[in-house]
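Participant: my_file14.cif is reproduced in full below (mmCIF, C-alpha atoms).
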data_upload
#
loop_
_atom_site.group_PDB
_atom_site.id
_atom_site.type_symbol
_atom_site.label_atom_id
_atom_site.label_comp_id
_atom_site.auth_asym_id
_atom_site.auth_seq_id
_atom_site.Cartn_x
_atom_site.Cartn_y
_atom_site.Cartn_z
ATOM 1 C CA VAL M 1 0.000 0.000 0.000
ATOM 2 C CA GLN M 2 1.352 3.416 -0.948
ATOM 3 C CA LEU M 3 0.196 6.807 0.266
ATOM 4 C CA GLN M 4 1.210 9.967 -1.564
ATOM 5 C CA ALA M 5 0.510 13.264 0.177
ATOM 6 C CA SER M 6 0.553 16.537 -1.702
ATOM 7 C CA GLY M 7 -0.712 20.097 -1.540
ATOM 8 C CA GLY M 8 1.580 21.561 1.058
ATOM 9 C CA GLY M 9 3.270 24.911 0.642
ATOM 10 C CA LEU M 10 3.910 28.347 2.052
ATOM 11 C CA VAL M 11 0.899 30.444 2.985
ATOM 12 C CA GLN M 12 0.294 33.568 5.024
ATOM 13 C CA ALA M 13 -1.541 33.391 8.306
ATOM 14 C CA GLY M 14 -5.268 33.412 7.658
ATOM 15 C CA GLY M 15 -4.858 31.653 4.343
ATOM 16 C CA ASP M 16 -6.099 28.291 3.164
ATOM 17 C CA LEU M 17 -4.553 25.101 1.824
ATOM 18 C CA ARG M 18 -5.977 21.779 0.731
ATOM 19 C CA LEU M 19 -3.922 18.657 1.246
ATOM 20 C CA SER M 20 -4.557 15.507 -0.747
ATOM 21 C CA CYS M 21 -3.474 11.945 -0.149
ATOM 22 C CA ALA M 22 -3.712 9.391 -2.936
ATOM 23 C CA VAL M 23 -3.765 5.744 -1.887
ATOM 24 C CA SER M 24 -2.788 2.865 -4.135
ATOM 25 C CA GLY M 25 -2.169 -0.838 -3.806
ATOM 26 C CA GLY M 26 -4.954 -1.634 -1.388
ATOM 27 C CA PRO M 27 -8.730 -1.586 -0.850
ATOM 28 C CA PHE M 28 -9.054 2.104 0.011
ATOM 29 C CA SER M 29 -12.734 1.943 0.942
ATOM 30 C CA ARG M 30 -11.848 -0.492 3.735
ATOM 31 C CA TYR M 31 -9.362 1.870 5.377
ATOM 32 C CA GLY M 32 -9.971 4.376 8.083
ATOM 33 C CA MET M 33 -7.858 7.400 7.216
ATOM 34 C CA GLY M 34 -6.093 10.013 9.275
ATOM 35 C CA TRP M 35 -3.910 13.088 9.084
ATOM 36 C CA PHE M 36 -1.085 13.731 11.519
ATOM 37 C CA ARG M 37 1.522 16.469 11.712
ATOM 38 C CA GLN M 38 4.958 17.001 13.151
ATOM 39 C CA ALA M 39 6.420 20.412 13.869
ATOM 40 C CA PRO M 40 10.179 20.926 14.264
ATOM 41 C CA GLY M 41 11.362 19.678 17.626
ATOM 42 C CA LYS M 42 7.968 18.240 18.533
ATOM 43 C CA GLU M 43 6.374 14.829 18.481
ATOM 44 C CA ARG M 44 3.980 13.865 15.760
ATOM 45 C CA GLU M 45 0.384 14.635 16.702
ATOM 46 C CA PHE M 46 -3.082 13.727 15.555
ATOM 47 C CA VAL M 47 -4.918 16.242 13.370
ATOM 48 C CA ALA M 48 -8.013 14.600 11.911
ATOM 49 C CA ALA M 49 -9.468 11.222 11.016
ATOM 50 C CA ILE M 50 -12.362 9.863 9.007
ATOM 51 C CA SER M 51 -14.177 6.557 9.071
ATOM 52 C CA ARG M 52 -14.350 4.118 6.187
ATOM 53 C CA SER M 53 -17.698 5.433 5.065
ATOM 54 C CA GLY M 54 -16.806 9.052 5.600
ATOM 55 C CA ARG M 55 -19.802 9.551 7.876
ATOM 56 C CA THR M 56 -17.757 9.990 11.049
ATOM 57 C CA THR M 57 -14.877 12.372 11.598
ATOM 58 C CA ASP M 58 -12.703 13.431 14.499
ATOM 59 C CA TYR M 59 -10.423 16.429 15.004
ATOM 60 C CA ARG M 60 -7.943 17.711 17.511
ATOM 61 C CA ASP M 61 -9.401 20.614 19.412
ATOM 62 C CA SER M 62 -7.092 23.274 17.982
ATOM 63 C CA VAL M 63 -8.245 22.664 14.398
ATOM 64 C CA LYS M 64 -11.959 22.178 14.976
ATOM 65 C CA GLY M 65 -13.952 24.662 12.926
ATOM 66 C CA ARG M 66 -10.947 25.412 10.689
ATOM 67 C CA PHE M 67 -9.983 22.057 9.160
ATOM 68 C CA THR M 68 -12.205 19.591 7.343
ATOM 69 C CA ILE M 69 -11.285 16.026 6.468
ATOM 70 C CA SER M 70 -13.075 14.272 3.628
ATOM 71 C CA ARG M 71 -12.614 11.288 1.384
ATOM 72 C CA ASP M 72 -13.535 10.112 -2.076
ATOM 73 C CA ASN M 73 -13.641 6.337 -2.194
ATOM 74 C CA ASP M 74 -14.003 6.312 -5.976
ATOM 75 C CA ARG M 75 -10.842 8.381 -6.389
ATOM 76 C CA LYS M 76 -9.085 6.544 -3.517
ATOM 77 C CA ALA M 77 -8.126 9.793 -1.883
ATOM 78 C CA VAL M 78 -8.465 11.627 1.385
ATOM 79 C CA TYR M 79 -8.326 15.394 1.738
ATOM 80 C CA LEU M 80 -7.660 17.938 4.439
ATOM 81 C CA GLN M 81 -9.083 21.389 3.821
ATOM 82 C CA MET M 82 -7.266 23.817 6.088
ATOM 83 C CA ASN M 83 -8.731 27.278 6.507
ATOM 84 C CA SER M 84 -7.709 30.231 8.652
ATOM 85 C CA LEU M 85 -4.221 28.841 9.010
ATOM 86 C CA ARG M 86 -2.054 29.925 11.899
ATOM 87 C CA ALA M 87 1.691 29.965 12.411
ATOM 88 C CA GLU M 88 1.301 27.105 14.876
ATOM 89 C CA ASP M 89 -0.098 24.918 12.087
ATOM 90 C CA THR M 90 3.362 24.863 10.504
ATOM 91 C CA ALA M 91 4.480 21.244 10.290
ATOM 92 C CA VAL M 92 5.033 18.290 8.041
ATOM 93 C CA TYR M 93 1.631 16.708 7.464
ATOM 94 C CA TYR M 94 1.307 12.952 7.071
ATOM 95 C CA CYS M 95 -1.613 10.883 5.896
ATOM 96 C CA ALA M 96 -2.099 7.413 7.307
ATOM 97 C CA ALA M 97 -4.300 4.385 6.685
ATOM 98 C CA ASP M 98 -5.890 2.056 9.218
ATOM 99 C CA SER M 99 -6.344 -1.296 7.496
ATOM 100 C CA ARG M 100 -7.961 -2.878 10.553
ATOM 101 C CA ALA M 101 -10.953 -0.543 10.586
ATOM 102 C CA ILE M 102 -14.308 -2.232 10.331
ATOM 103 C CA LEU M 103 -17.387 -0.601 8.858
ATOM 104 C CA THR M 104 -18.619 0.618 12.231
ATOM 105 C CA SER M 105 -15.228 1.712 13.564
ATOM 106 C CA ALA M 106 -14.862 5.195 14.886
ATOM 107 C CA PRO M 107 -11.932 7.133 13.432
ATOM 108 C CA ARG M 108 -8.714 6.523 15.348
ATOM 109 C CA SER M 109 -6.672 9.338 16.831
ATOM 110 C CA ALA M 110 -3.736 7.246 18.035
ATOM 111 C CA GLU M 111 -0.734 6.686 15.800
ATOM 112 C CA ARG M 112 -0.590 3.029 16.761
ATOM 113 C CA GLY M 113 -3.966 2.568 15.083
ATOM 114 C CA TYR M 114 -2.446 3.203 11.653
ATOM 115 C CA ASP M 115 -0.275 0.789 9.730
ATOM 116 C CA TYR M 116 0.450 2.616 6.477
ATOM 117 C CA TRP M 117 1.973 6.091 6.237
ATOM 118 C CA GLY M 118 2.711 8.565 3.504
ATOM 119 C CA GLN M 119 5.925 10.523 3.129
ATOM 120 C CA GLY M 120 4.615 13.851 4.396
ATOM 121 C CA THR M 121 4.066 17.259 2.874
ATOM 122 C CA GLN M 122 5.402 20.503 4.350
ATOM 123 C CA VAL M 123 2.999 23.231 5.385
ATOM 124 C CA THR M 124 4.532 26.540 6.378
ATOM 125 C CA VAL M 125 2.381 29.379 7.662
ATOM 126 C CA SER M 126 4.039 32.766 7.860
ATOM 127 C CA SER M 127 2.814 35.226 10.464
#
Please express the file's structure as structure tokens.

Facilitator:
Amino acid sequence: VQLQASGGGLVQAGGDLRLSCAVSGGPFSRYGMGWFRQAPGKEREFVAAISRSGRTTDYRDSVKGRFTISRDNDRKAVYLQMNSLRAEDTAVYYCAADSRAILTSAPRSAERGYDYWGQGTQVTVSS
């Protein structure tokens, strides 16, 4: 299974970015999906997750109301729409797949719940 994240870049505070993650080599519709991020000198942290069906989502508190996770099972992709970006959102963003999710699983927020990871895409927010 391969995950390819894209869409990162440099944006001013208050701006928007949309990250994409294309998944290949596996049954995408059976995966729970998540986004994580790692800022310089900090541990990787949970950002958002979405269930297999897309009906259930979860977010870390600091991004609620600003970020939206979505998925397109036909395109085998997951997205993270990031609005009203702040300097503290600066990080490398990683997408991850949970192959053990069942249809009724809630999205996972723990790293250990994910078994496939993408390479990361840099998001830099200038203040």

Participant: Take the PyMOL selection byres ((chain M and resi 47-52) around 8), run it mentally on this structure, and tell me the resulting residues as a PDB file with C-alpha atoms, in the coordinates of the input.

Facilitator:
ATOM      1  CA  SER M  29     -12.734   1.943   0.942  1.00  0.00           C
ATOM      2  CA  ARG M  30     -11.848  -0.492   3.735  1.00  0.00           C
ATOM      3  CA  TYR M  31      -9.362   1.870   5.377  1.00  0.00           C
ATOM      4  CA  GLY M  32      -9.971   4.376   8.083  1.00  0.00           C
ATOM      5  CA  MET M  33      -7.858   7.400   7.216  1.00  0.00           C
ATOM      6  CA  GLY M  34      -6.093  10.013   9.275  1.00  0.00           C
ATOM      7  CA  TRP M  35      -3.910  13.088   9.084  1.00  0.00           C
ATOM      8  CA  PHE M  36      -1.085  13.731  11.519  1.00  0.00           C
ATOM      9  CA  ARG M  37       1.522  16.469  11.712  1.00  0.00           C
ATOM     10  CA  GLU M  45       0.384  14.635  16.702  1.00  0.00           C
ATOM     11  CA  PHE M  46      -3.082  13.727  15.555  1.00  0.00           C
ATOM     12  CA  SER M  53     -17.698   5.433   5.065  1.00  0.00           C
ATOM     13  CA  GLY M  54     -16.806   9.052   5.600  1.00  0.00           C
ATOM     14  CA  ARG M  55     -19.802   9.551   7.876  1.00  0.00           C
ATOM     15  CA  THR M  56     -17.757   9.990  11.049  1.00  0.00           C
ATOM     16  CA  THR M  57     -14.877  12.372  11.598  1.00  0.00           C
ATOM     17  CA  ASP M  58     -12.703  13.431  14.499  1.00  0.00           C
ATOM     18  CA  TYR M  59     -10.423  16.429  15.004  1.00  0.00           C
ATOM     19  CA  ARG M  60      -7.943  17.711  17.511  1.00  0.00           C
ATOM     20  CA  VAL M  63      -8.245  22.664  14.398  1.00  0.00           C
ATOM     21  CA  THR M  68     -12.205  19.591   7.343  1.00  0.00           C
ATOM     22  CA  ILE M  69     -11.285  16.026   6.468  1.00  0.00           C
ATOM     23  CA  SER M  70     -13.075  14.272   3.628  1.00  0.00           C
ATOM     24  CA  ARG M  71     -12.614  11.288   1.384  1.00  0.00           C
ATOM     25  CA  ALA M 101     -10.953  -0.543  10.586  1.00  0.00           C
ATOM     26  CA  ILE M 102     -14.308  -2.232  10.331  1.00  0.00           C
ATOM     27  CA  LEU M 103     -17.387  -0.601   8.858  1.00  0.00           C
ATOM     28  CA  SER M 105     -15.228   1.712  13.564  1.00  0.00           C
ATOM     29  CA  ALA M 106     -14.862   5.195  14.886  1.00  0.00           C
ATOM     30  CA  PRO M 107     -11.932   7.133  13.432  1.00  0.00           C
ATOM     31  CA  ARG M 108      -8.714   6.523  15.348  1.00  0.00           C
ATOM     32  CA  SER M 109      -6.672   9.338  16.831  1.00  0.00           C
TER      33      SER M 109
END

Participant: So which residues touch segment 93-95 of chain M within 10 Å, counting all atoms listed in the file, skipping near sequence neighbours fewer than 6 positions away, as JSON, numbers by chain?

Facilitator: {"M": [3, 4, 5, 6, 7, 8, 19, 20, 21, 22, 23, 33, 34, 35, 36, 37, 38, 39, 44, 45, 46, 47, 48, 49, 78, 79, 80, 114, 116, 117, 118, 119, 120, 121, 122, 123]}

Participant: What is the atom CA of Asn73 of chain M to atom CA of Arg18 of chain M distance in Å?

Facilitator: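 Value for the atom CA of Asn73 of chain M-atom CA of Arg18 of chain M distance: 17.5 Å.
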
Participant: Which one of M:Ser62, M:Thr90, M:Ser99, M:Gln2 sits closest to Pro40 of chain M if you count only C-alpha atoms?

Facilitator: M:Thr90

Participant: Restricting the calculation to only C-alpha atoms: of M:Ala110, M:Val125, M:Asp115, M:Gly25, which residue gets closest to Asp98 of chain M?

Facilitator: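 Checking each of M:Ala110, M:Val125, M:Asp115, M:Gly25 against Asp98 of chain M, counting only C-alpha atoms, the winner is M:Asp115.
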